[in-house]
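To start, the structure itself, in structure tokens.
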Amino acid sequence: MTDEDKTIERADSEPSTEVSHTASVHQETQEEPVMNLRSTDGSEPTEGSNLLSSSEKRPQETPTESSHLQRLRQRFARCPCGSLVSRIKVVTTVFLLWAVVWSVTIGTVLPGGNSSGIIILWFFAYLGCILFWLIKLPRLPPLPAFLGAMLAGFLIRNIPVISDYVQIEHEWSSSVRSIYLSITLVYVGLQLDSEALKKLKGVCGRLAVGPCLAEACASALLAHFLMGLPWQWGFILGFVLGAASPYFVRPSTSLLKEEGHDVKDVPTLLLEAEDFSDILAITGFNTCLGIAFSTGSTMFNVLRGILEVVTGVATGSLLGAFIYYFPSSDQRVLDWKRIVLVLGFSVLAVFSSVYFDFPGSRGLCTFVMASLAGIGWTRNKAKVENIIIFACGMFEPLLFGLLGAEVSVASLKRETVGLCVATLGVGVLIRILTVFLMVCSAGFNIKEKIFISFAWLPKATVQALLGSVALDTARSYGDTQLEDYGLVVLTMTFLAILITVPIGYLLISFLGPRLLQKAKRQNKDEEVQGEPSEQV
């Protein structure tokens with residue numbers, strides 16, 4: 001036979017095998033129901049029937065089991081979300097931070113230790129910030145969250161049971177304030193707008209220097225003659241109160257702008273002048289603090305203060321020039337390298353100036369360095385600013401919580417509180433009048449001048465930074481008389497924030513819609529007509 005005949009026979013045989021296979025399968029399927037029927041007729045089931053029945057039941061049970069397993073897998077596969085999860089995350093983060101610090105320094109994070117006290121204080125201060133932030137008033141900017149942190153620290157200090165477990169040494173609190181000071185000065189330097197300064201350089205300079213010096217001198221005179229403080233301590237108190245803090249200017253003006261009011265250059269003017277006013281207040285405070293604790297002659301102390309200012313400007317210029325060129329713009333992870341350099345140099349400048357007994361140079365050094373770096377980075381500094389803002393937000397509750405924890409009810413005497421309120425009221429009144437005079441030739445109308453005058457009423461960040469520095473320095477010397485002077489400055493700072501923040505918040509929110517004019521209808525019509533063209 002040929003090969004072709006063999007292939008034909010194989011092809012003919014394959015269908016026959018397939019037919020026989022299907023026939024056998026058909027026979028088996030017919031036999032199975034017959035055996036099942038016999039078992040149900042009353043005869044005893046055999047082993048084969050038991051096996052068959054068990055094999056029939058198993059396929060019926062597996063779909064239900066698989067469906068339950070699928071449901072459980074779907075439930076566990078879903079990621080939880082919502083406010084409860086965020087709260088659990090915060091609590092877990094705080095506990096993990098405490099556990100890590102405890103594992104590194106066993107003993108200091110137990111109740112009564114420094115690390116435990118800082119963590120507990122920060123946690124409750126953060127809760128106080130959240131509570132104040134949740135308070136929403138109609139047509140008003142949000143309440144200042146730091147006020148809740150300060151009140152939380154005050155309550156922790158004056159509740160007997162809790163105060164026994166929250167014990168923080170003065171060196172630790174001073175270090176926290178110094179770190180926050182360095183971060184704040186970096187932020188102020190990076191926010192400096194050179195174009196706005198060129199436009200408003202005359203009125204900005206007057207507004208930065210005039211009100212600060214006027215309120216500082218008035219407060220120093222009243223503190224000396226009414227409260228019996230020495231002249232050095234009077235000016236220490238004056239420069240603490242002389243710093244401006246337009247905390248509500250930006251949110252208030254943005255809200256007024258949304259409502260159709262013409263704010264012009266008011267927020268830019270206030271914010272730029274506030275930066276220089278803060279630097280002037282910090283430099284004056286550090287200089288007067290060095291004079292108060294020095295032992296030389298008055299002329300020598302004044303010359304030394306001038307030398308500290310020159311040293312701070314020169315050192316800040318050198319560090320700013322270095323950060324201006326290094327790291328170069330062609331490197332990878334450029335933003336993080338810049339953050340490490342600017343924060344590292346700022347913290348080093350703040351702490352080393354105290355170590356070398358040049359406290360008056362730390363503020364100017366950090367500010368000049370950050371401002372030169374910001375001018376060099378120009379448009380590429382947005383990410384750096386965002387990270388600096390995040391760091392400020394993390395340290396801010398702890399800063400105000402520490403300030404509130406320094407004040408006890410026993411130290412608030414009636415006579416001291418009354419004299420502090422009188423000194424604060426006269427100083428604020430002189431400041432308002434000085435601000436009004438400084439903006440007379442700036443092109444604003446009478447209503448806008450009144451609004452600008454009241455916009456600098458609140459006291460906040462700089463007061464919290466400097467309020468307890470004098471008391472910590474006096475405690476390091478161990479002189480009870482100096483500690484009493486420092487306690488007066490601390491009490492004055494606490495009352496200034498507690499009184500001026502709510503009053504300034506209400507005045508700015510109330511006077512803004514009534515003093516600032518509505519924007520012209522022509523501008524609105526131009527914007528409405530410009531929208532279709534922009535869309536096209």
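Every chain in the structure tokens has a letter given in the order shown (A, B, ...), and although residue numbers restart at 1 in each chain, ligands are simply numbered from 1 in the order shown.
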Closest contacts (region 123-218 of chain A/region 385-408 of chain A, max 10 Å, only C-alpha atoms) as a tab-separated table:
residue	atom	partner	partner_atom	distance
A:Phe123	CA	A:Leu398	CA	8.4
A:Phe124	CA	A:Gly401	CA	8.4
A:Ala125	CA	A:Pro397	CA	5.3
A:Tyr126	CA	A:Pro397	CA	5.6
A:Leu127	CA	A:Pro397	CA	9.0
A:Gly128	CA	A:Pro397	CA	8.4
A:Cys129	CA	A:Pro397	CA	7.0
A:Ala145	CA	A:Pro397	CA	8.3
A:Phe146	CA	A:Pro397	CA	6.1
A:Leu147	CA	A:Phe400	CA	7.6
A:Gly148	CA	A:Pro397	CA	8.6
A:Ala149	CA	A:Gly401	CA	5.1
A:Met150	CA	A:Gly401	CA	4.6
A:Leu151	CA	A:Gly404	CA	6.1
A:Ala152	CA	A:Gly401	CA	6.4
A:Gly153	CA	A:Gly401	CA	4.3
A:Phe154	CA	A:Gly404	CA	4.2
A:Leu155	CA	A:Ala405	CA	7.6
A:Ile156	CA	A:Ala405	CA	6.6
A:Arg157	CA	A:Ala405	CA	5.0
A:Asn158	CA	A:Ser408	CA	6.0
A:Ile159	CA	A:Ser408	CA	9.8
A:Ser163	CA	A:Ala405	CA	9.1
A:Val166	CA	A:Ala405	CA	9.5
A:Gln167	CA	A:Ala405	CA	9.9
A:Ile168	CA	A:Leu402	CA	9.1
A:His170	CA	A:Glu406	CA	9.7
A:Ser173	CA	A:Leu402	CA	6.9
A:Ser174	CA	A:Leu402	CA	9.5
A:Val176	CA	A:Leu399	CA	7.3
A:Arg177	CA	A:Leu399	CA	6.5
A:Ile179	CA	A:Phe395	CA	8.7
A:Tyr180	CA	A:Phe395	CA	6.4
A:Leu181	CA	A:Cys392	CA	9.5
A:Ile183	CA	A:Cys392	CA	6.7
A:Thr184	CA	A:Cys392	CA	6.9
A:Val186	CA	A:Ile388	CA	7.9
A:Tyr187	CA	A:Ile388	CA	6.4
A:Val188	CA	A:Glu385	CA	9.9
A:Leu190	CA	A:Glu385	CA	7.2
A:Gln191	CA	A:Glu385	CA	8.1
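The shell of residues at most 6 Å from region 479-489 of chain A, with only C-alpha atoms counted and near chain neighbours (fewer than 3 positions) removed, consists of A:Leu237, A:Ala470, A:Leu471, A:Ala474, A:Met492.
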Next on the checklist: Between A:Ser297, A:Thr423, A:Gln70, A:Ser453, which residue has the minimum interatomic distance to Val435 (chain A), considering only C-alpha atoms?
Outcome noted: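 Of the candidates, the smallest distance to Val435 (chain A) is held by A:Ser453.
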Next on the checklist: Report as a ChimeraX atom specification all protein, DNA and RNA residues lying within 9 Å of Ala460 (chain A), evaluated on only C-alpha atoms, omitting residues in the same chain fewer than 5 positions from it.
Outcome noted: /A:146-147,243-247,465,496-497,500-501
Next on the checklist: Need the shell around Val342 (chain A): protein/DNA/RNA residues with any atom at most 10 Å away, counting only C-alpha atoms. Skip same-chain ones fewer than 4 positions apart. Format as a PyMOL selection string?
Outcome noted: chain A and resi 182-183+186+319-320+323+336-338+346-348+366+369-370+373+384
Next on the checklist: Let's see if you can do this: from backbone DSSP, list all alpha helix (DSSP H) residues in region 83-319 of chain A, as a PyMOL selection string.
Outcome noted: chain A and resi 83-104+114-134+145-158+160-165+170-190+194-199+201-225+231-242+249-258+266-292+298-319
Checklist entry - Which is closer to Gly425 (chain A) than all the others in A:Ser509, A:Ser219, A:Ser411, A:Ser329, using only C-alpha atoms? => result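 Of A:Ser509, A:Ser219, A:Ser411, A:Ser329, the one nearest Gly425 (chain A), counting only C-alpha atoms, is A:Ser219.
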Next on the checklist: Report as a PyMOL selection string all protein, DNA and RNA residues lying within 12 Å of Phe358 (chain A), evaluated on only C-alpha atoms, omitting residues in the same chain fewer than 3 positions from it.
Outcome noted: chain A and resi 283+286-291+294+301+304-312+349-355+361-365
